[in-house]
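Pasting final_26.txt here (compact mmCIF, C-alpha atoms):
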```
# COMPACT_ATOMS: atom_id res chain seq x y z
CA MET A 1 -21.92 -32.52 -9.51
CA LYS A 2 -19.32 -32.44 -12.26
CA SER A 3 -20.61 -29.04 -13.40
CA VAL A 4 -20.33 -27.64 -9.86
CA LYS A 5 -16.77 -28.96 -9.59
CA GLU A 6 -15.83 -27.32 -12.90
CA HIS A 7 -17.21 -23.98 -11.78
CA LEU A 8 -15.38 -24.26 -8.46
CA MET A 9 -12.15 -24.95 -10.34
CA PHE A 10 -12.62 -21.55 -11.99
CA ILE A 11 -14.06 -19.62 -9.04
CA LEU A 12 -11.43 -20.68 -6.47
CA PRO A 13 -8.31 -19.51 -8.37
CA LEU A 14 -10.17 -16.35 -9.40
CA MET A 15 -11.03 -15.76 -5.76
CA ALA A 16 -7.38 -16.32 -4.84
CA ILE A 17 -6.42 -13.47 -7.17
CA LEU A 18 -9.23 -11.21 -5.96
CA LEU A 19 -8.42 -11.91 -2.31
CA GLY A 20 -4.78 -11.16 -3.09
CA VAL A 21 -5.82 -7.87 -4.69
CA GLU A 22 -7.99 -6.97 -1.70
CA PHE A 23 -5.16 -7.86 0.67
CA VAL A 24 -2.94 -5.52 -1.36
CA LEU A 25 -5.54 -2.74 -1.05
CA VAL A 26 -5.89 -3.32 2.70
CA PHE A 27 -2.12 -3.58 3.14
CA ASP A 28 -1.64 -0.35 1.22
CA ARG A 29 -4.19 1.47 3.40
CA VAL A 30 -2.78 0.06 6.64
CA THR A 31 0.82 0.83 5.69
CA SER A 32 -0.16 4.32 4.54
CA ASN A 33 -1.84 4.87 7.90
CA TYR A 34 1.20 3.48 9.73
CA GLU A 35 3.52 5.55 7.55
CA GLU A 36 1.56 8.68 8.47
CA LYS A 37 1.95 7.85 12.17
CA LEU A 38 5.68 7.30 11.68
CA ARG A 39 5.89 10.65 9.92
CA GLU A 40 4.06 12.40 12.75
CA SER A 41 6.24 10.80 15.42
CA TYR A 42 9.52 11.37 13.59
CA THR A 43 11.24 14.69 14.27
CA ILE A 44 14.53 16.35 13.45
CA LEU A 45 16.29 18.48 16.06
CA LEU A 46 17.93 21.65 14.81
CA VAL A 47 20.31 23.87 16.82
CA SER A 48 21.10 27.38 15.62
CA LYS A 49 23.17 30.28 16.95
CA THR A 50 20.65 32.79 15.58
CA PRO A 51 16.85 32.56 15.24
CA VAL A 52 15.68 30.93 12.01
CA THR A 53 12.23 31.12 10.47
CA GLU A 54 10.08 28.40 8.98
CA ARG A 55 10.30 30.19 5.64
CA GLN A 56 14.11 30.02 5.71
CA LEU A 57 14.13 26.31 6.44
CA ARG A 58 11.46 25.50 3.85
CA ARG A 59 13.42 27.43 1.25
CA ALA A 60 16.38 25.18 2.01
CA GLU A 61 14.29 21.98 2.16
CA PRO A 62 10.70 21.76 0.73
CA HIS A 63 9.95 18.51 2.63
CA ILE A 64 9.78 20.39 5.94
CA ALA A 65 6.11 20.58 6.93
CA GLU A 66 6.29 22.19 10.38
CA VAL A 67 8.83 23.99 12.55
CA GLU A 68 8.33 24.17 16.33
CA PRO A 69 10.66 26.31 18.49
CA ILE A 70 11.71 24.62 21.73
CA SER A 71 11.44 26.86 24.80
CA LYS A 72 14.87 27.65 26.25
CA GLU A 73 13.53 28.70 29.65
CA HIS A 74 13.04 25.15 30.91
CA ILE A 75 16.49 24.12 29.65
CA ALA A 76 18.08 27.14 31.31
CA LYS A 77 16.39 26.41 34.65
CA GLU A 78 17.62 22.81 34.60
CA ILE A 79 21.18 23.97 33.88
CA ALA A 80 21.01 26.69 36.55
CA ARG A 81 20.17 24.13 39.23
CA GLY A 82 23.55 22.50 38.77
CA MET A 83 25.50 25.75 38.63
CA ARG A 84 25.83 27.90 41.74
CA ASN A 85 27.29 31.04 40.20
CA ALA A 86 25.06 31.30 37.11
CA THR A 87 21.59 32.77 36.80
CA THR A 88 18.86 31.65 34.47
CA ALA A 89 19.11 34.91 32.52
CA GLU A 90 22.84 34.44 31.93
CA ILE A 91 22.36 30.90 30.75
CA LEU A 92 19.53 31.96 28.44
CA GLN A 93 21.85 34.44 26.73
CA SER A 94 24.49 31.77 26.11
CA LEU A 95 22.13 29.05 24.91
CA PRO A 96 21.57 28.56 21.17
CA HIS A 97 18.09 28.28 19.64
CA PHE A 98 16.44 24.83 19.42
CA TYR A 99 13.81 23.73 16.90
CA THR A 100 11.84 20.56 16.24
CA LEU A 101 11.18 19.86 12.55
CA HIS A 102 8.42 17.65 11.09
CA LEU A 103 8.56 16.35 7.52
CA ASP A 104 5.67 16.18 5.04
CA ARG A 105 6.14 12.42 4.52
CA TYR A 106 8.19 9.51 5.80
CA LEU A 107 11.44 9.51 3.83
CA SER A 108 14.28 7.07 3.36
CA ARG A 109 17.47 7.32 5.37
CA LYS A 110 19.34 8.61 2.30
CA ALA A 111 16.76 11.37 1.79
CA VAL A 112 16.95 12.35 5.48
CA GLU A 113 20.74 12.63 5.24
CA ALA A 114 20.34 14.88 2.20
CA ILE A 115 17.96 17.08 4.22
CA ARG A 116 20.51 17.24 7.04
CA SER A 117 23.21 18.41 4.64
CA LYS A 118 20.95 21.15 3.24
CA LEU A 119 19.92 22.40 6.69
CA LEU A 120 23.54 22.64 7.86
CA LYS A 121 24.12 25.16 5.07
CA VAL A 122 21.48 27.54 6.47
CA PRO A 123 23.24 30.56 8.07
CA GLY A 124 23.48 30.18 11.84
CA VAL A 125 22.66 26.46 12.00
CA GLN A 126 25.16 24.61 14.19
CA LYS A 127 23.81 21.11 14.40
CA VAL A 128 21.08 18.90 12.92
CA GLU A 129 20.21 15.67 14.72
CA THR A 130 18.22 13.14 12.63
CA PHE A 131 18.33 10.21 15.12
CA GLY A 132 19.65 8.02 12.31
CA GLU A 133 19.81 4.56 13.88
CA ASN A 134 16.22 4.58 15.12
CA HIS A 135 14.96 5.90 11.78
CA ARG A 136 17.01 3.38 9.78
CA ALA A 137 15.69 0.38 11.73
CA LYS A 138 12.05 1.40 11.32
CA TYR A 139 12.38 2.33 7.65
CA ASN A 140 14.22 -0.88 6.70
CA LEU A 141 11.60 -3.01 8.43
CA PHE A 142 8.87 -1.04 6.68
CA VAL A 143 10.44 -1.59 3.23
CA PHE A 144 11.15 -5.28 3.94
CA LEU A 145 7.52 -5.98 4.82
CA LYS A 146 6.36 -4.28 1.61
CA ILE A 147 8.75 -6.33 -0.56
CA ILE A 148 7.76 -9.63 1.05
CA PHE A 149 4.04 -8.92 0.74
CA TRP A 150 4.17 -7.74 -2.88
CA SER A 151 6.32 -10.73 -3.89
CA PHE A 152 3.90 -13.19 -2.31
CA ALA A 153 0.85 -11.50 -3.84
CA GLY A 154 2.49 -11.46 -7.28
CA LEU A 155 3.45 -15.15 -7.15
CA LEU A 156 -0.03 -16.16 -5.97
CA SER A 157 -1.66 -14.17 -8.79
CA VAL A 158 0.54 -15.74 -11.49
CA VAL A 159 -0.13 -19.31 -10.32
CA SER A 160 -3.87 -18.65 -9.97
CA PHE A 161 -4.09 -17.13 -13.47
CA PHE A 162 -2.54 -20.26 -14.99
CA LEU A 163 -5.17 -22.35 -13.20
CA ILE A 164 -7.87 -20.09 -14.66
CA LEU A 165 -6.44 -20.63 -18.16
CA LYS A 166 -6.44 -24.41 -17.66
CA GLN A 167 -10.08 -24.42 -16.60
CA MET A 168 -10.99 -22.21 -19.55
CA GLU A 169 -9.31 -24.76 -21.84
CA VAL A 170 -11.45 -27.49 -20.26
CA TRP A 171 -14.59 -25.48 -20.99
CA GLN A 172 -13.45 -24.87 -24.53
CA LEU A 173 -12.98 -28.59 -25.12
CA ALA A 174 -16.40 -29.29 -23.63
CA HIS A 175 -18.05 -26.88 -26.10
CA ARG A 176 -15.70 -27.52 -29.00
CA GLU A 177 -18.30 -29.04 -31.32
CA ARG A 178 -20.71 -26.11 -30.90
CA MET A 179 -17.91 -23.62 -31.51
CA GLN A 180 -16.69 -25.51 -34.60
CA ILE A 181 -20.21 -25.55 -36.09
CA MET A 182 -20.50 -21.80 -35.54
CA GLU A 183 -17.11 -21.36 -37.19
CA VAL A 184 -18.28 -23.31 -40.26
CA PHE A 185 -21.20 -20.91 -40.62
CA GLY A 186 -18.83 -17.95 -40.46
CA ALA A 187 -19.46 -16.75 -36.91
CA PRO A 188 -16.76 -14.34 -35.68
CA MET A 189 -14.43 -15.41 -32.89
CA LEU A 190 -16.14 -13.36 -30.18
CA LEU A 191 -19.53 -14.85 -31.04
CA ARG A 192 -18.11 -18.40 -31.07
CA SER A 193 -16.61 -17.76 -27.64
CA GLY A 194 -19.90 -16.43 -26.24
CA VAL A 195 -20.50 -19.52 -24.10
CA LEU A 196 -17.05 -19.14 -22.53
CA PHE A 197 -17.71 -15.46 -21.82
CA ARG A 198 -21.09 -16.23 -20.21
CA MET A 199 -19.69 -18.96 -17.96
CA GLY A 200 -16.64 -16.90 -17.05
CA ILE A 201 -18.59 -13.71 -16.29
CA THR A 202 -21.10 -15.65 -14.17
CA ASP A 203 -18.32 -17.21 -12.11
CA ALA A 204 -16.52 -13.86 -11.92
CA PHE A 205 -19.67 -12.34 -10.41
CA PHE A 206 -19.82 -14.99 -7.68
CA ALA A 207 -16.07 -14.77 -7.02
CA THR A 208 -16.32 -10.99 -6.66
CA ILE A 209 -19.30 -11.14 -4.29
CA LEU A 210 -17.68 -13.84 -2.14
CA SER A 211 -14.34 -12.01 -1.95
CA ALA A 212 -15.90 -8.64 -1.15
CA GLY A 213 -18.32 -10.27 1.29
CA LEU A 214 -15.44 -11.81 3.25
CA PHE A 215 -13.72 -8.46 3.78
CA ALA A 216 -17.03 -6.72 4.49
CA PHE A 217 -17.57 -9.33 7.22
CA LEU A 218 -14.10 -8.59 8.61
CA ARG A 219 -14.85 -4.86 8.70
CA TYR A 220 -18.37 -4.86 10.11
CA TYR A 221 -18.22 -7.88 12.44
CA TRP A 222 -14.71 -9.19 13.13
CA ALA A 223 -12.74 -5.92 13.50
CA GLU A 224 -14.30 -4.83 16.80
CA ARG A 225 -13.82 -8.29 18.29
CA SER A 226 -10.23 -8.71 17.07
CA GLY A 227 -8.64 -6.63 19.84
CA ILE A 228 -6.16 -5.22 17.30
CA GLU A 229 -5.94 -1.52 18.12
CA ILE A 230 -5.51 -0.16 14.60
CA LEU A 231 -8.40 -2.28 13.24
CA VAL A 232 -10.73 -1.34 16.08
CA ALA A 233 -10.00 2.35 15.58
CA ARG A 234 -9.86 2.28 11.76
CA LYS A 235 -12.29 -0.41 10.57
CA GLU A 236 -12.65 1.30 7.21
CA LEU A 237 -9.11 0.19 6.36
CA LEU A 238 -10.40 -3.37 5.92
CA PHE A 239 -12.97 -2.63 3.24
CA GLU A 240 -14.23 0.33 1.24
CA SER A 241 -17.18 0.44 -1.16
CA ARG A 242 -14.88 1.24 -4.09
CA ASP A 243 -13.12 -2.08 -3.49
CA LEU A 244 -16.16 -3.89 -4.90
CA ALA A 245 -15.84 -2.00 -8.19
CA ILE A 246 -12.08 -2.67 -8.31
CA LEU A 247 -12.53 -6.40 -7.70
CA GLY A 248 -15.34 -6.60 -10.25
CA GLY A 249 -13.27 -4.81 -12.89
CA ILE A 250 -10.26 -7.06 -12.29
CA ALA A 251 -12.43 -10.22 -12.40
CA LEU A 252 -13.99 -9.13 -15.68
CA GLY A 253 -10.58 -8.30 -17.13
CA LEU A 254 -9.24 -11.73 -16.14
CA VAL A 255 -12.21 -13.48 -17.77
CA ILE A 256 -11.83 -11.54 -21.02
CA SER A 257 -8.06 -12.05 -21.16
CA SER A 258 -8.32 -15.78 -20.37
CA VAL A 259 -11.04 -16.37 -23.01
CA LEU A 260 -9.11 -14.46 -25.67
CA SER A 261 -5.86 -16.20 -24.74
CA VAL A 262 -7.38 -19.68 -25.01
CA THR A 263 -9.33 -18.89 -28.17
CA LEU A 264 -6.37 -17.33 -29.98
CA LYS A 265 -4.11 -20.20 -28.94
CA SER A 266 -6.67 -22.70 -30.24
CA GLY A 267 -6.84 -20.84 -33.56
CA GLU A 268 -3.06 -20.89 -33.92
CA ASP A 269 -2.92 -24.62 -33.15
CA ARG A 270 -5.45 -25.37 -35.90
CA GLU A 271 -3.41 -23.41 -38.41
```

Rewrite the structure of this file - the entire thing - as structure tokens.
Amino acid sequence: MKSVKEHLMFILPLMAILLGVEFVLVFDRVTSNYEEKLRESYTILLVSKTPVTERQLRRAEPHIAEVEPISKEHIAKEIARGMRNATTAEILQSLPHFYTLHLDRYLSRKAVEAIRSKLLKVPGVQKVETFGENHRAKYNLFVFLKIIFWSFAGLLSVVSFFLILKQMEVWQLAHRERMQIMEVFGAPMLLRSGVLFRMGITDAFFATILSAGLFAFLRYYWAERSGIEILVARKELLFESRDLAILGGIALGLVISSVLSVTLKSGEDRE
């Protein structure tokens, strides 16, 4: 029972780190997907006295991904309805040219303002509407959520790693006599720490499988029943096969670093 408890004391904080890493991976995929939708829905309105080409605008600003001319006929008809002495043709001649611009990625408010300044320098351009307040609110919320999430994940990882080090120290004390005997016979540090590596790698394997299994369950079973639109439509955001390799690599790295940290600290204390 004591042995099981000791292994749980190592597996649980390791799982906390791995779950935090997987949450970061999922969060990154979800936010990237959401960011792409924001990019697609966000447009800039450009008004020009003379026709402008996509090439002209891209030369002025490389972040422009698509330029869509807005038909003036519909605008002219709407204006003509409210004017008795004007025809649609006359209004068409007096109207400027309208364009909807799409960007290649979702940019900050500062970057959008820089784009606006560049576009206003294009010959013929009269006005550029970036819908600043709406963009600012969405972008600030987006950045705030990222900061909060990364801060929480970082704090959780630091605390969990210290718990892993403490449990590794417990294991080292439990096998101290064996390690000291091996040291007397001239065994190198890595060989003396073999028992710690074996126990740590075994627990890392179970922690990785349990962590990956939880998110695989969320993807293949829970997502469809969650009722959350983005998860129902994009279940693959919850778990990808490469996540297992990432979690395994991180778990192995944590085991190696914790064993080396404890062993080197023990050697310095004896000196």

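If you look at CA of Glu35 (chain A) and CA of Leu18 (chain A), they are 25.0 Å away from each other.
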
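Neighbouring residues of Thr50 (chain A) at 12 Å or closer, counting only C-alpha atoms and skipping chain neighbours under 5 positions away, are Gln93, Ser94, Leu95, Pro96, His97, Phe98, Tyr99, Val122, Pro123, Gly124, Val125 and Gln126 of chain A.
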
Could you write out that same residue set with C-alpha atoms as an mmCIF file, in the coordinates of the input?
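Saved the output as again.cif:
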```cif
data_model
loop_
_atom_site.group_PDB
_atom_site.id
_atom_site.type_symbol
_atom_site.label_atom_id
_atom_site.label_comp_id
_atom_site.auth_asym_id
_atom_site.auth_seq_id
_atom_site.Cartn_x
_atom_site.Cartn_y
_atom_site.Cartn_z
ATOM 1 C CA GLN A 93 21.850 34.440 26.730
ATOM 2 C CA SER A 94 24.490 31.770 26.110
ATOM 3 C CA LEU A 95 22.130 29.050 24.910
ATOM 4 C CA PRO A 96 21.570 28.560 21.170
ATOM 5 C CA HIS A 97 18.090 28.280 19.640
ATOM 6 C CA PHE A 98 16.440 24.830 19.420
ATOM 7 C CA TYR A 99 13.810 23.730 16.900
ATOM 8 C CA VAL A 122 21.480 27.540 6.470
ATOM 9 C CA PRO A 123 23.240 30.560 8.070
ATOM 10 C CA GLY A 124 23.480 30.180 11.840
ATOM 11 C CA VAL A 125 22.660 26.460 12.000
ATOM 12 C CA GLN A 126 25.160 24.610 14.190
#
```

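Interatomic distance, CA of Met199 (chain A) to CA of Met15 (chain A): 15.3 Å.
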
**Prompt:** Within 6 Å of region 245-262 of chain A, counting all atoms listed in the file, which residues qualify if same-chain residues fewer than 4 places away don't, as number ranges by chain?
**Reply:** A: 165, 200, 204, 208

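What separates CA of Leu101 (chain A) from CA of Thr31 (chain A) is a distance of 22.7 Å.
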
Would you tabulate, counting all atoms listed in the file, all residues of region 30-74 of chain A that have an atom at most 10 Å from an atom of region 225-234 of chain A, showing the closest pair of atoms and their distance in Å to one decimal, sorted by chain then ascending number, as a Markdown table?
```
| residue | atom | partner | partner_atom | distance |
| --- | --- | --- | --- | --- |
| A:Val30 | CA | A:Ile230 | CA | 8.4 |
| A:Asn33 | CA | A:Ile230 | CA | 9.1 |
| A:Tyr34 | CA | A:Ile230 | CA | 9.1 |
```

Could those residues be written to a file, using C-alpha atoms, as a PDB file, in the frame of the given file?
```pdb
ATOM      1  CA  VAL A  30      -2.780   0.060   6.640  1.00  0.00           C
ATOM      2  CA  ASN A  33      -1.840   4.870   7.900  1.00  0.00           C
ATOM      3  CA  TYR A  34       1.200   3.480   9.730  1.00  0.00           C
TER       4      TYR A  34
END
```

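Shortest atom-to-atom contact with Leu244 (chain A) among A:Phe131, A:Phe10, A:Val21, A:Glu54: A:Val21, counting only C-alpha atoms.
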
**Request:** Write out as number ranges by chain the residues lying within 12 Å of Tyr106 (chain A), counting all atoms listed in the file and excluding same-chain residues fewer than 4 positions away.
**Result:** A: 31-43, 63-65, 102, 110-112, 135-136, 138-139, 142-143

File of the preceding selection, C-alpha atoms, as an mmCIF file, in the coordinates of the input:
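What ended up in out.cif:
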```cif
data_model
loop_
_atom_site.group_PDB
_atom_site.id
_atom_site.type_symbol
_atom_site.label_atom_id
_atom_site.label_comp_id
_atom_site.auth_asym_id
_atom_site.auth_seq_id
_atom_site.Cartn_x
_atom_site.Cartn_y
_atom_site.Cartn_z
ATOM 1 C CA THR A 31 0.820 0.830 5.690
ATOM 2 C CA SER A 32 -0.160 4.320 4.540
ATOM 3 C CA ASN A 33 -1.840 4.870 7.900
ATOM 4 C CA TYR A 34 1.200 3.480 9.730
ATOM 5 C CA GLU A 35 3.520 5.550 7.550
ATOM 6 C CA GLU A 36 1.560 8.680 8.470
ATOM 7 C CA LYS A 37 1.950 7.850 12.170
ATOM 8 C CA LEU A 38 5.680 7.300 11.680
ATOM 9 C CA ARG A 39 5.890 10.650 9.920
ATOM 10 C CA GLU A 40 4.060 12.400 12.750
ATOM 11 C CA SER A 41 6.240 10.800 15.420
ATOM 12 C CA TYR A 42 9.520 11.370 13.590
ATOM 13 C CA THR A 43 11.240 14.690 14.270
ATOM 14 C CA HIS A 63 9.950 18.510 2.630
ATOM 15 C CA ILE A 64 9.780 20.390 5.940
ATOM 16 C CA ALA A 65 6.110 20.580 6.930
ATOM 17 C CA HIS A 102 8.420 17.650 11.090
ATOM 18 C CA LYS A 110 19.340 8.610 2.300
ATOM 19 C CA ALA A 111 16.760 11.370 1.790
ATOM 20 C CA VAL A 112 16.950 12.350 5.480
ATOM 21 C CA HIS A 135 14.960 5.900 11.780
ATOM 22 C CA ARG A 136 17.010 3.380 9.780
ATOM 23 C CA LYS A 138 12.050 1.400 11.320
ATOM 24 C CA TYR A 139 12.380 2.330 7.650
ATOM 25 C CA PHE A 142 8.870 -1.040 6.680
ATOM 26 C CA VAL A 143 10.440 -1.590 3.230
#
```

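Distances to Leu12 (chain A) were evaluated for A:Tyr220, A:Ala114, A:Val195, A:Asp203 using all atoms listed in the file, and the minimum falls at A:Asp203.
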
Give me region 243-266 of chain A from this structure - C-alpha atoms, as a PDB file, in the first residue's frame.
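The result, written out as result.pdb:
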```pdb
ATOM      1  CA  ASP A 243      -0.027  14.676 -28.723  1.00  0.00           C
ATOM      2  CA  LEU A 244       0.879  11.251 -27.329  1.00  0.00           C
ATOM      3  CA  ALA A 245       4.469  11.631 -28.557  1.00  0.00           C
ATOM      4  CA  ILE A 246       4.661  15.176 -27.157  1.00  0.00           C
ATOM      5  CA  LEU A 247       3.375  14.112 -23.741  1.00  0.00           C
ATOM      6  CA  GLY A 248       5.700  11.100 -23.668  1.00  0.00           C
ATOM      7  CA  GLY A 249       8.718  13.235 -24.560  1.00  0.00           C
ATOM      8  CA  ILE A 250       7.886  15.824 -21.895  1.00  0.00           C
ATOM      9  CA  ALA A 251       7.313  13.115 -19.248  1.00  0.00           C
ATOM     10  CA  LEU A 252      10.653  11.499 -20.065  1.00  0.00           C
ATOM     11  CA  GLY A 253      12.400  14.877 -19.968  1.00  0.00           C
ATOM     12  CA  LEU A 254      10.886  15.644 -16.552  1.00  0.00           C
ATOM     13  CA  VAL A 255      12.021  12.282 -15.167  1.00  0.00           C
ATOM     14  CA  ILE A 256      15.577  12.723 -16.433  1.00  0.00           C
ATOM     15  CA  SER A 257      15.820  16.310 -15.181  1.00  0.00           C
ATOM     16  CA  SER A 258      14.375  15.452 -11.760  1.00  0.00           C
ATOM     17  CA  VAL A 259      16.718  12.452 -11.276  1.00  0.00           C
ATOM     18  CA  LEU A 260      19.770  14.467 -12.313  1.00  0.00           C
ATOM     19  CA  SER A 261      18.716  17.411 -10.151  1.00  0.00           C
ATOM     20  CA  VAL A 262      18.280  15.269  -7.037  1.00  0.00           C
ATOM     21  CA  THR A 263      21.429  13.227  -7.661  1.00  0.00           C
ATOM     22  CA  LEU A 264      23.639  16.255  -8.295  1.00  0.00           C
ATOM     23  CA  LYS A 265      22.223  18.035  -5.256  1.00  0.00           C
ATOM     24  CA  SER A 266      22.924  14.964  -3.116  1.00  0.00           C
TER      25      SER A 266
END
```
